[in-house]
$ cat coords-v2.txt   # compact mmCIF, N, CA and C atoms
# COMPACT_ATOMS: atom_id res chain seq x y z
N MET A 2 0.82 -1.19 0.00
CA MET A 2 0.00 0.00 0.00
C MET A 2 0.87 1.25 0.00
N ASN A 3 0.39 2.29 -0.62
CA ASN A 3 1.12 3.54 -0.73
C ASN A 3 1.36 4.15 0.64
N LYS A 4 0.32 4.27 1.45
CA LYS A 4 0.40 4.86 2.79
C LYS A 4 1.14 6.19 2.77
N ASN A 5 0.84 7.02 1.76
CA ASN A 5 1.40 8.36 1.63
C ASN A 5 2.91 8.39 1.40
N VAL A 6 3.46 7.32 0.86
CA VAL A 6 4.88 7.27 0.52
C VAL A 6 5.13 8.02 -0.79
N VAL A 7 4.15 7.99 -1.68
CA VAL A 7 4.28 8.60 -3.00
C VAL A 7 3.26 9.73 -3.14
N THR A 8 3.73 10.90 -3.62
CA THR A 8 2.86 12.02 -3.90
C THR A 8 3.10 12.46 -5.34
N ARG A 9 2.03 12.55 -6.11
CA ARG A 9 2.12 13.02 -7.49
C ARG A 9 1.67 14.48 -7.51
N LEU A 10 2.55 15.36 -8.02
CA LEU A 10 2.31 16.80 -7.96
C LEU A 10 1.91 17.38 -9.30
N SER A 11 1.02 18.34 -9.24
CA SER A 11 0.60 19.08 -10.43
C SER A 11 1.10 20.51 -10.28
N LEU A 12 1.73 21.04 -11.32
CA LEU A 12 2.26 22.40 -11.28
C LEU A 12 1.47 23.29 -12.23
N SER A 13 0.19 23.24 -12.13
CA SER A 13 -0.68 23.98 -13.03
C SER A 13 -0.25 25.43 -13.15
N GLY A 14 -0.02 25.87 -14.39
CA GLY A 14 0.36 27.25 -14.65
C GLY A 14 1.83 27.55 -14.54
N ARG A 15 2.62 26.64 -13.98
CA ARG A 15 4.06 26.88 -13.80
C ARG A 15 4.91 26.22 -14.87
N VAL A 16 4.39 25.16 -15.47
CA VAL A 16 5.07 24.47 -16.57
C VAL A 16 4.03 24.18 -17.64
N SER A 17 4.49 23.77 -18.81
CA SER A 17 3.53 23.48 -19.87
C SER A 17 2.59 22.36 -19.44
N LYS A 18 1.37 22.43 -19.92
CA LYS A 18 0.37 21.42 -19.63
C LYS A 18 0.86 20.07 -20.15
N ALA A 19 0.64 19.02 -19.39
CA ALA A 19 1.00 17.67 -19.82
C ALA A 19 0.28 17.33 -21.12
N VAL A 20 0.99 16.74 -22.05
CA VAL A 20 0.39 16.38 -23.34
C VAL A 20 -0.19 14.96 -23.32
N GLY A 21 -0.15 14.32 -22.18
CA GLY A 21 -0.68 12.97 -22.04
C GLY A 21 -1.11 12.73 -20.61
N ASN A 22 -1.34 11.48 -20.27
CA ASN A 22 -1.76 11.11 -18.92
C ASN A 22 -0.55 10.84 -18.03
N TYR A 23 0.03 11.92 -17.53
CA TYR A 23 1.17 11.79 -16.62
C TYR A 23 1.24 13.01 -15.73
N THR A 24 2.04 12.88 -14.68
CA THR A 24 2.32 13.95 -13.75
C THR A 24 3.75 14.40 -13.99
N HIS A 25 3.98 15.71 -13.97
CA HIS A 25 5.33 16.21 -14.20
C HIS A 25 6.29 15.82 -13.07
N ILE A 26 5.81 15.78 -11.83
CA ILE A 26 6.68 15.49 -10.69
C ILE A 26 6.03 14.45 -9.78
N THR A 27 6.83 13.49 -9.37
CA THR A 27 6.40 12.52 -8.37
C THR A 27 7.41 12.57 -7.22
N LYS A 28 6.91 12.72 -6.01
CA LYS A 28 7.76 12.87 -4.82
C LYS A 28 7.68 11.60 -3.97
N ILE A 29 8.83 11.18 -3.45
CA ILE A 29 8.91 9.98 -2.62
C ILE A 29 9.29 10.41 -1.20
N LYS A 30 8.56 9.91 -0.23
CA LYS A 30 8.84 10.21 1.18
C LYS A 30 10.23 9.66 1.56
N PRO A 31 11.00 10.42 2.35
CA PRO A 31 12.32 9.93 2.79
C PRO A 31 12.21 8.56 3.49
N ASN A 32 13.25 7.79 3.36
CA ASN A 32 13.37 6.46 3.97
C ASN A 32 12.41 5.43 3.40
N SER A 33 11.88 5.69 2.22
CA SER A 33 11.03 4.71 1.54
C SER A 33 11.92 3.69 0.84
N THR A 34 11.36 2.54 0.55
CA THR A 34 12.07 1.53 -0.22
C THR A 34 11.80 1.78 -1.70
N PHE A 35 12.87 1.83 -2.48
CA PHE A 35 12.77 2.10 -3.91
C PHE A 35 12.83 0.78 -4.66
N TYR A 36 11.90 0.57 -5.59
CA TYR A 36 11.83 -0.65 -6.39
C TYR A 36 12.00 -0.30 -7.86
N THR A 37 12.80 -1.07 -8.57
CA THR A 37 12.82 -1.01 -10.03
C THR A 37 12.40 -2.38 -10.54
N PHE A 38 11.67 -2.38 -11.62
CA PHE A 38 11.16 -3.62 -12.19
C PHE A 38 11.65 -3.75 -13.62
N SER A 39 11.99 -4.94 -14.03
CA SER A 39 12.35 -5.17 -15.42
C SER A 39 11.16 -4.81 -16.30
N GLY A 40 11.45 -4.38 -17.51
CA GLY A 40 10.39 -4.05 -18.45
C GLY A 40 9.47 -5.24 -18.66
N GLN A 41 8.18 -4.97 -18.67
CA GLN A 41 7.18 -6.02 -18.87
C GLN A 41 6.65 -5.96 -20.29
N ILE A 42 6.38 -7.14 -20.81
CA ILE A 42 5.88 -7.26 -22.17
C ILE A 42 4.49 -7.89 -22.15
N GLY A 43 3.88 -8.06 -23.31
CA GLY A 43 2.52 -8.54 -23.42
C GLY A 43 2.34 -10.03 -23.46
N ALA A 44 3.28 -10.78 -22.90
CA ALA A 44 3.13 -12.24 -22.84
C ALA A 44 2.05 -12.60 -21.83
N ASP A 45 1.30 -13.67 -22.12
CA ASP A 45 0.33 -14.14 -21.13
C ASP A 45 1.06 -14.98 -20.08
N LEU A 46 0.33 -15.52 -19.12
CA LEU A 46 0.96 -16.26 -18.02
C LEU A 46 1.67 -17.53 -18.47
N ASP A 47 1.35 -18.02 -19.68
CA ASP A 47 2.03 -19.19 -20.23
C ASP A 47 3.23 -18.80 -21.11
N GLY A 48 3.49 -17.49 -21.22
CA GLY A 48 4.62 -17.02 -22.02
C GLY A 48 4.30 -16.78 -23.48
N ASN A 49 3.05 -16.93 -23.87
CA ASN A 49 2.65 -16.70 -25.25
C ASN A 49 2.49 -15.21 -25.51
N ILE A 50 3.04 -14.74 -26.61
CA ILE A 50 2.94 -13.33 -26.99
C ILE A 50 1.93 -13.20 -28.12
N PRO A 51 0.79 -12.54 -27.86
CA PRO A 51 -0.21 -12.40 -28.92
C PRO A 51 0.26 -11.49 -30.04
N GLU A 52 -0.29 -11.68 -31.22
CA GLU A 52 0.05 -10.85 -32.38
C GLU A 52 -0.55 -9.46 -32.25
N GLU A 53 -1.77 -9.36 -31.72
CA GLU A 53 -2.52 -8.11 -31.68
C GLU A 53 -1.94 -7.14 -30.65
N PHE A 54 -1.66 -5.91 -31.08
CA PHE A 54 -1.01 -4.90 -30.25
C PHE A 54 -1.79 -4.61 -28.96
N ASN A 55 -3.09 -4.35 -29.07
CA ASN A 55 -3.86 -3.99 -27.87
C ASN A 55 -3.93 -5.13 -26.87
N GLN A 56 -3.89 -6.37 -27.34
CA GLN A 56 -3.84 -7.51 -26.40
C GLN A 56 -2.50 -7.52 -25.67
N GLN A 57 -1.42 -7.14 -26.37
CA GLN A 57 -0.13 -7.03 -25.69
C GLN A 57 -0.18 -5.93 -24.62
N VAL A 58 -0.84 -4.82 -24.93
CA VAL A 58 -0.99 -3.74 -23.93
C VAL A 58 -1.73 -4.28 -22.70
N LYS A 59 -2.86 -4.94 -22.93
CA LYS A 59 -3.66 -5.47 -21.82
C LYS A 59 -2.84 -6.45 -20.98
N ASN A 60 -2.17 -7.40 -21.64
CA ASN A 60 -1.36 -8.39 -20.92
C ASN A 60 -0.22 -7.73 -20.14
N THR A 61 0.36 -6.69 -20.72
CA THR A 61 1.47 -6.00 -20.05
C THR A 61 1.01 -5.42 -18.72
N PHE A 62 -0.16 -4.80 -18.70
CA PHE A 62 -0.67 -4.24 -17.44
C PHE A 62 -1.08 -5.33 -16.46
N ILE A 63 -1.54 -6.47 -16.93
CA ILE A 63 -1.79 -7.61 -16.04
C ILE A 63 -0.48 -8.04 -15.40
N ASN A 64 0.58 -8.13 -16.20
CA ASN A 64 1.89 -8.54 -15.68
C ASN A 64 2.43 -7.52 -14.67
N ILE A 65 2.25 -6.23 -14.95
CA ILE A 65 2.69 -5.19 -14.02
C ILE A 65 1.91 -5.29 -12.71
N SER A 66 0.60 -5.50 -12.80
CA SER A 66 -0.22 -5.65 -11.61
C SER A 66 0.25 -6.83 -10.77
N ASN A 67 0.54 -7.95 -11.42
CA ASN A 67 1.01 -9.14 -10.70
C ASN A 67 2.35 -8.90 -10.03
N LEU A 68 3.24 -8.17 -10.70
CA LEU A 68 4.53 -7.83 -10.10
C LEU A 68 4.36 -6.99 -8.85
N LEU A 69 3.54 -5.95 -8.96
CA LEU A 69 3.31 -5.08 -7.80
C LEU A 69 2.74 -5.86 -6.63
N LYS A 70 1.74 -6.69 -6.91
CA LYS A 70 1.12 -7.50 -5.84
C LYS A 70 2.13 -8.43 -5.19
N SER A 71 3.09 -8.93 -5.97
CA SER A 71 4.07 -9.89 -5.44
C SER A 71 4.96 -9.27 -4.36
N VAL A 72 5.04 -7.94 -4.33
CA VAL A 72 5.83 -7.26 -3.29
C VAL A 72 4.94 -6.31 -2.47
N ASP A 73 3.65 -6.63 -2.41
CA ASP A 73 2.67 -5.88 -1.61
C ASP A 73 2.60 -4.39 -1.96
N LEU A 74 2.68 -4.09 -3.25
CA LEU A 74 2.53 -2.71 -3.72
C LEU A 74 1.28 -2.61 -4.59
N GLU A 75 0.87 -1.37 -4.84
CA GLU A 75 -0.31 -1.08 -5.65
C GLU A 75 0.08 -0.08 -6.73
N PRO A 76 -0.79 0.15 -7.71
CA PRO A 76 -0.48 1.17 -8.72
C PRO A 76 -0.16 2.55 -8.13
N ASP A 77 -0.75 2.90 -6.99
CA ASP A 77 -0.44 4.19 -6.34
C ASP A 77 1.01 4.30 -5.91
N ASN A 78 1.71 3.17 -5.79
CA ASN A 78 3.12 3.18 -5.40
C ASN A 78 4.05 3.46 -6.57
N VAL A 79 3.53 3.41 -7.80
CA VAL A 79 4.36 3.62 -8.98
C VAL A 79 4.73 5.09 -9.11
N ILE A 80 6.02 5.35 -9.30
CA ILE A 80 6.50 6.73 -9.40
C ILE A 80 6.91 7.11 -10.81
N LYS A 81 7.20 6.12 -11.66
CA LYS A 81 7.69 6.41 -13.00
C LYS A 81 7.32 5.26 -13.92
N VAL A 82 6.90 5.61 -15.14
CA VAL A 82 6.57 4.63 -16.17
C VAL A 82 7.38 4.98 -17.42
N ASN A 83 8.10 4.01 -17.95
CA ASN A 83 8.81 4.17 -19.22
C ASN A 83 8.20 3.21 -20.23
N ILE A 84 7.81 3.74 -21.37
CA ILE A 84 7.13 2.93 -22.39
C ILE A 84 7.93 2.98 -23.68
N TRP A 85 8.18 1.79 -24.24
CA TRP A 85 8.82 1.67 -25.55
C TRP A 85 7.86 0.91 -26.45
N SER A 86 7.57 1.47 -27.61
CA SER A 86 6.63 0.84 -28.53
C SER A 86 7.19 0.81 -29.94
N LYS A 87 6.99 -0.33 -30.61
CA LYS A 87 7.40 -0.46 -32.01
C LYS A 87 6.30 0.01 -32.96
N GLU A 88 5.08 0.08 -32.48
CA GLU A 88 3.94 0.46 -33.31
C GLU A 88 3.28 1.71 -32.74
N GLU A 89 2.56 2.40 -33.62
CA GLU A 89 1.76 3.54 -33.17
C GLU A 89 0.76 3.06 -32.12
N ILE A 90 0.70 3.74 -31.01
CA ILE A 90 -0.19 3.36 -29.93
C ILE A 90 -1.62 3.81 -30.23
N ASP A 91 -2.56 2.94 -30.00
CA ASP A 91 -3.99 3.27 -30.08
C ASP A 91 -4.31 3.99 -28.76
N TRP A 92 -4.20 5.32 -28.77
CA TRP A 92 -4.29 6.08 -27.53
C TRP A 92 -5.64 5.97 -26.86
N GLU A 93 -6.70 5.82 -27.62
CA GLU A 93 -8.02 5.67 -26.99
C GLU A 93 -8.05 4.40 -26.14
N TYR A 94 -7.56 3.30 -26.69
CA TYR A 94 -7.51 2.04 -25.95
C TYR A 94 -6.50 2.14 -24.80
N PHE A 95 -5.29 2.61 -25.11
CA PHE A 95 -4.23 2.67 -24.11
C PHE A 95 -4.63 3.54 -22.93
N ASP A 96 -5.17 4.73 -23.20
CA ASP A 96 -5.55 5.65 -22.12
C ASP A 96 -6.63 5.06 -21.23
N LYS A 97 -7.52 4.24 -21.79
CA LYS A 97 -8.55 3.57 -20.98
C LYS A 97 -7.90 2.58 -20.02
N ILE A 98 -7.02 1.73 -20.53
CA ILE A 98 -6.33 0.75 -19.69
C ILE A 98 -5.46 1.47 -18.65
N TYR A 99 -4.70 2.46 -19.09
CA TYR A 99 -3.79 3.22 -18.23
C TYR A 99 -4.58 3.96 -17.14
N GLY A 100 -5.68 4.61 -17.54
CA GLY A 100 -6.49 5.35 -16.58
C GLY A 100 -7.15 4.44 -15.56
N ASP A 101 -7.65 3.29 -16.00
CA ASP A 101 -8.25 2.33 -15.08
C ASP A 101 -7.20 1.82 -14.10
N PHE A 102 -5.97 1.66 -14.56
CA PHE A 102 -4.90 1.12 -13.72
C PHE A 102 -4.40 2.15 -12.71
N PHE A 103 -4.10 3.36 -13.18
CA PHE A 103 -3.48 4.37 -12.32
C PHE A 103 -4.45 5.37 -11.70
N GLY A 104 -5.65 5.46 -12.19
CA GLY A 104 -6.61 6.38 -11.60
C GLY A 104 -6.45 7.79 -12.13
N GLU A 105 -7.02 8.73 -11.40
CA GLU A 105 -7.14 10.12 -11.85
C GLU A 105 -5.80 10.85 -11.94
N ILE A 106 -4.86 10.52 -11.06
CA ILE A 106 -3.56 11.20 -11.07
C ILE A 106 -2.48 10.16 -11.38
N PRO A 107 -2.09 10.03 -12.65
CA PRO A 107 -1.10 9.02 -13.03
C PRO A 107 0.33 9.44 -12.67
N PRO A 108 1.26 8.49 -12.68
CA PRO A 108 2.66 8.80 -12.36
C PRO A 108 3.38 9.51 -13.51
N SER A 109 4.60 9.91 -13.23
CA SER A 109 5.47 10.47 -14.27
C SER A 109 5.67 9.41 -15.35
N MET A 110 5.81 9.86 -16.62
CA MET A 110 5.89 8.90 -17.72
C MET A 110 6.78 9.43 -18.83
N THR A 111 7.48 8.52 -19.47
CA THR A 111 8.23 8.79 -20.70
C THR A 111 7.83 7.73 -21.71
N ILE A 112 7.66 8.14 -22.96
CA ILE A 112 7.34 7.19 -24.01
C ILE A 112 8.27 7.42 -25.20
N ALA A 113 8.68 6.32 -25.81
CA ALA A 113 9.53 6.41 -27.01
C ALA A 113 9.08 5.36 -28.01
N TYR A 114 9.09 5.75 -29.27
CA TYR A 114 8.87 4.79 -30.35
C TYR A 114 10.24 4.30 -30.80
N VAL A 115 10.37 2.98 -30.91
CA VAL A 115 11.65 2.36 -31.22
C VAL A 115 11.52 1.42 -32.41
N ASN A 116 12.64 1.07 -32.99
CA ASN A 116 12.66 0.15 -34.14
C ASN A 116 12.58 -1.31 -33.75
N ALA A 117 13.09 -1.65 -32.57
CA ALA A 117 13.11 -3.05 -32.16
C ALA A 117 13.09 -3.16 -30.64
N LEU A 118 12.58 -4.30 -30.17
CA LEU A 118 12.64 -4.65 -28.75
C LEU A 118 13.31 -6.02 -28.66
N GLY A 119 13.34 -6.62 -27.50
CA GLY A 119 14.11 -7.84 -27.26
C GLY A 119 13.82 -9.02 -28.17
N LEU A 120 12.58 -9.19 -28.56
CA LEU A 120 12.18 -10.24 -29.49
C LEU A 120 11.36 -9.63 -30.61
N GLU A 121 11.39 -10.23 -31.77
CA GLU A 121 10.65 -9.73 -32.93
C GLU A 121 9.16 -9.58 -32.64
N THR A 122 8.59 -10.50 -31.85
CA THR A 122 7.14 -10.51 -31.60
C THR A 122 6.69 -9.47 -30.57
N ILE A 123 7.63 -8.90 -29.83
CA ILE A 123 7.28 -7.91 -28.81
C ILE A 123 7.03 -6.56 -29.48
N LYS A 124 5.85 -5.99 -29.22
CA LYS A 124 5.48 -4.71 -29.82
C LYS A 124 5.52 -3.56 -28.83
N ILE A 125 5.41 -3.86 -27.53
CA ILE A 125 5.44 -2.83 -26.50
C ILE A 125 6.11 -3.39 -25.25
N GLU A 126 6.86 -2.54 -24.58
CA GLU A 126 7.49 -2.91 -23.32
C GLU A 126 7.30 -1.74 -22.36
N ILE A 127 6.93 -2.05 -21.12
CA ILE A 127 6.69 -1.01 -20.13
C ILE A 127 7.47 -1.34 -18.87
N GLU A 128 8.25 -0.37 -18.43
CA GLU A 128 9.05 -0.50 -17.21
C GLU A 128 8.47 0.46 -16.17
N ILE A 129 8.42 -0.01 -14.91
CA ILE A 129 7.96 0.85 -13.83
C ILE A 129 8.99 0.93 -12.72
N TRP A 130 8.93 2.05 -12.02
CA TRP A 130 9.67 2.27 -10.78
C TRP A 130 8.62 2.52 -9.72
N ALA A 131 8.87 2.08 -8.50
CA ALA A 131 7.89 2.25 -7.43
C ALA A 131 8.59 2.51 -6.10
N ALA A 132 7.83 2.98 -5.15
CA ALA A 132 8.33 3.21 -3.80
C ALA A 132 7.31 2.67 -2.80
N GLY A 133 7.81 2.11 -1.73
CA GLY A 133 6.93 1.57 -0.68
C GLY A 133 7.61 1.68 0.66
N GLN A 134 6.95 1.15 1.69
CA GLN A 134 7.52 1.21 3.03
C GLN A 134 8.37 0.01 3.30

$ encode --input "coords-v2.txt" --output "structure tokens"
Amino acid sequence: MNKNVVTRLSLSGRVSKAVGNYTHITKIKPNSTFYTFSGQIGADLDGNIPEEFNQQVKNTFINISNLLKSVDLEPDNVIKVNIWSKEEIDWEYFDKIYGDFFGEIPPSMTIAYVNALGLETIKIEIEIWAAGQ
């Protein structure tokens, strides 16, 4: 549980408006435990990677959720999201999944379009950083 370890800040009027679903600044309470997670891909629990991009997005967030739960953390504990995609993102679909996962105030985020990821079949990879007690 977050238990006020992570605070996502909005600087309305002081910096340019966010062009996506992210927060410009995320603050971590002193003496918190910092977690980094390997990038997650859209493989299902059996290791199968679907061809369809949006299914990879959905599976990736399932995998991220399972990782967080494995160390007693929640999406509110996430402080940073890095996204690498080989294909144009369907933002309507992605924002729905992302918004349902992170809620009204999402974490800091960086996204990059790339030519390749670890395997030919991987179309998107998402890495998270988190903080907990």

$ select_by_dssp --input "coords-v2.txt" --residues "range 28-75 of chain A" --states "alpha helix (DSSP H)" --output "list in words"
Phe54, Asn55, Gln56, Gln57, Val58, Lys59, Asn60, Thr61, Phe62, Ile63, Asn64, Ile65, Ser66, Asn67, Leu68, Leu69, Lys70 and Ser71 of chain A

$ write_last_selection --input "coords-v2.txt" --atoms "N, CA and C atoms" --output "short mmCIF file (atom, residue, chain, number, x, y, z; two decimals), keeping the file's coordinate frame"
data_model
loop_
_atom_site.label_atom_id
_atom_site.label_comp_id
_atom_site.auth_asym_id
_atom_site.auth_seq_id
_atom_site.Cartn_x
_atom_site.Cartn_y
_atom_site.Cartn_z
N PHE A 54 -1.66 -5.91 -31.08
CA PHE A 54 -1.01 -4.90 -30.25
C PHE A 54 -1.79 -4.61 -28.96
N ASN A 55 -3.09 -4.35 -29.07
CA ASN A 55 -3.86 -3.99 -27.87
C ASN A 55 -3.93 -5.13 -26.87
N GLN A 56 -3.89 -6.37 -27.34
CA GLN A 56 -3.84 -7.51 -26.40
C GLN A 56 -2.50 -7.52 -25.67
N GLN A 57 -1.42 -7.14 -26.37
CA GLN A 57 -0.13 -7.03 -25.69
C GLN A 57 -0.18 -5.93 -24.62
N VAL A 58 -0.84 -4.82 -24.93
CA VAL A 58 -0.99 -3.74 -23.93
C VAL A 58 -1.73 -4.28 -22.70
N LYS A 59 -2.86 -4.94 -22.93
CA LYS A 59 -3.66 -5.47 -21.82
C LYS A 59 -2.84 -6.45 -20.98
N ASN A 60 -2.17 -7.40 -21.64
CA ASN A 60 -1.36 -8.39 -20.92
C ASN A 60 -0.22 -7.73 -20.14
N THR A 61 0.36 -6.69 -20.72
CA THR A 61 1.47 -6.00 -20.05
C THR A 61 1.01 -5.42 -18.72
N PHE A 62 -0.16 -4.80 -18.70
CA PHE A 62 -0.67 -4.24 -17.44
C PHE A 62 -1.08 -5.33 -16.46
N ILE A 63 -1.54 -6.47 -16.93
CA ILE A 63 -1.79 -7.61 -16.04
C ILE A 63 -0.48 -8.04 -15.40
N ASN A 64 0.58 -8.13 -16.20
CA ASN A 64 1.89 -8.54 -15.68
C ASN A 64 2.43 -7.52 -14.67
N ILE A 65 2.25 -6.23 -14.95
CA ILE A 65 2.69 -5.19 -14.02
C ILE A 65 1.91 -5.29 -12.71
N SER A 66 0.60 -5.50 -12.80
CA SER A 66 -0.22 -5.65 -11.61
C SER A 66 0.25 -6.83 -10.77
N ASN A 67 0.54 -7.95 -11.42
CA ASN A 67 1.01 -9.14 -10.70
C ASN A 67 2.35 -8.90 -10.03
N LEU A 68 3.24 -8.17 -10.70
CA LEU A 68 4.53 -7.83 -10.10
C LEU A 68 4.36 -6.99 -8.85
N LEU A 69 3.54 -5.95 -8.96
CA LEU A 69 3.31 -5.08 -7.80
C LEU A 69 2.74 -5.86 -6.63
N LYS A 70 1.74 -6.69 -6.91
CA LYS A 70 1.12 -7.50 -5.84
C LYS A 70 2.13 -8.43 -5.19
N SER A 71 3.09 -8.93 -5.97
CA SER A 71 4.07 -9.89 -5.44
C SER A 71 4.96 -9.27 -4.36
#

$ closest_atom_pairs --input "coords-v2.txt" --of "range 93-128 of chain A" --to "range 20-28 of chain A" --cutoff "8 Å" --atoms "only N, CA and C atoms" --output "tab-separated table"
residue	atom	partner	partner_atom	distance
A:Asp96	CA	A:Asn22	CA	7.4
A:Tyr99	C	A:Asn22	CA	7.9
A:Gly100	N	A:Asn22	CA	7.7
A:Ile106	C	A:Thr24	N	6.2
A:Pro107	C	A:Thr24	N	4.3
A:Pro108	C	A:Thr24	N	3.8
A:Ser109	N	A:Thr24	N	4.2
A:Met110	N	A:Tyr23	CA	5.0
A:Thr111	N	A:Tyr23	CA	7.7

$ write_last_selection --input "coords-v2.txt" --atoms "N, CA and C atoms" --output "PDB file, in the coordinates of the input"
ATOM      1  N   ASP A  96      -5.170   4.730 -23.200  1.00  0.00           N
ATOM      2  CA  ASP A  96      -5.550   5.650 -22.120  1.00  0.00           C
ATOM      3  C   ASP A  96      -6.630   5.060 -21.230  1.00  0.00           C
ATOM      4  N   TYR A  99      -4.700   2.460 -19.090  1.00  0.00           N
ATOM      5  CA  TYR A  99      -3.790   3.220 -18.230  1.00  0.00           C
ATOM      6  C   TYR A  99      -4.580   3.960 -17.140  1.00  0.00           C
ATOM      7  N   GLY A 100      -5.680   4.610 -17.540  1.00  0.00           N
ATOM      8  CA  GLY A 100      -6.490   5.350 -16.580  1.00  0.00           C
ATOM      9  C   GLY A 100      -7.150   4.440 -15.560  1.00  0.00           C
ATOM     10  N   ILE A 106      -4.860  10.520 -11.060  1.00  0.00           N
ATOM     11  CA  ILE A 106      -3.560  11.200 -11.070  1.00  0.00           C
ATOM     12  C   ILE A 106      -2.480  10.160 -11.380  1.00  0.00           C
ATOM     13  N   PRO A 107      -2.090  10.030 -12.650  1.00  0.00           N
ATOM     14  CA  PRO A 107      -1.100   9.020 -13.030  1.00  0.00           C
ATOM     15  C   PRO A 107       0.330   9.440 -12.670  1.00  0.00           C
ATOM     16  N   PRO A 108       1.260   8.490 -12.680  1.00  0.00           N
ATOM     17  CA  PRO A 108       2.660   8.800 -12.360  1.00  0.00           C
ATOM     18  C   PRO A 108       3.380   9.510 -13.510  1.00  0.00           C
ATOM     19  N   SER A 109       4.600   9.910 -13.230  1.00  0.00           N
ATOM     20  CA  SER A 109       5.470  10.470 -14.270  1.00  0.00           C
ATOM     21  C   SER A 109       5.670   9.410 -15.350  1.00  0.00           C
ATOM     22  N   MET A 110       5.810   9.860 -16.620  1.00  0.00           N
ATOM     23  CA  MET A 110       5.890   8.900 -17.720  1.00  0.00           C
ATOM     24  C   MET A 110       6.780   9.430 -18.830  1.00  0.00           C
ATOM     25  N   THR A 111       7.480   8.520 -19.470  1.00  0.00           N
ATOM     26  CA  THR A 111       8.230   8.790 -20.700  1.00  0.00           C
ATOM     27  C   THR A 111       7.830   7.730 -21.710  1.00  0.00           C
TER      28      THR A 111
END

$ residues_around --input "coords-v2.txt" --residues "Val58 in chain A" --least-positions-apart "6" --cutoff "12 Å" --atoms "only C-alpha atoms" --output "number ranges by chain"
A: 41-45, 50-52, 64-65, 84-86, 88, 90-92, 94-99, 102, 123-127

$ closest_residue --input "coords-v2.txt" --among "A:Lys30, A:Glu75, A:Ala113, A:Gly40" --to "Thr8 in chain A" --atoms "all atoms listed in the file"
A:Lys30

$ select_by_dssp --input "coords-v2.txt" --residues "range 3-133 of chain A" --states "strand (DSSP E)" --output "ChimeraX atom specification"
/A:7-10,26-29,34-37,79-86,109-114,125-133

$ residues_around --input "coords-v2.txt" --residues "Ile80 in chain A" --least-positions-apart "2" --cutoff "6.5 Å" --atoms "only N, CA and C atoms" --output "VMD selection string"
chain A and resid 27 77 to 78 82 108 to 109 129 to 132

$ residues_around --input "coords-v2.txt" --residues "Ser33 in chain A" --least-positions-apart "2" --cutoff "10 Å" --atoms "only C-alpha atoms" --output "JSON, numbers by chain"
{"A": [6, 7, 29, 30, 31, 35, 36, 131, 132, 133, 134]}

$ atom_distance --input "coords-v2.txt" --atom1 "CA of Leu68 in chain A" --atom2 "atom C of Glu89 in chain A"
24.9 Å

$ closest_residue --input "coords-v2.txt" --among "A:Asp73, A:Leu46, A:Ser17, A:Glu121" --to "Thr61 in chain A" --atoms "only C-alpha atoms"
A:Leu46

$ atom_distance --input "coords-v2.txt" --atom1 "atom C of Val115 in chain A" --atom2 "atom N of Thr37 in chain A"
24.0 Å

$ atom_distance --input "coords-v2.txt" --atom1 "CA of Ile112 in chain A" --atom2 "atom N of Asn83 in chain A"
6.9 Å
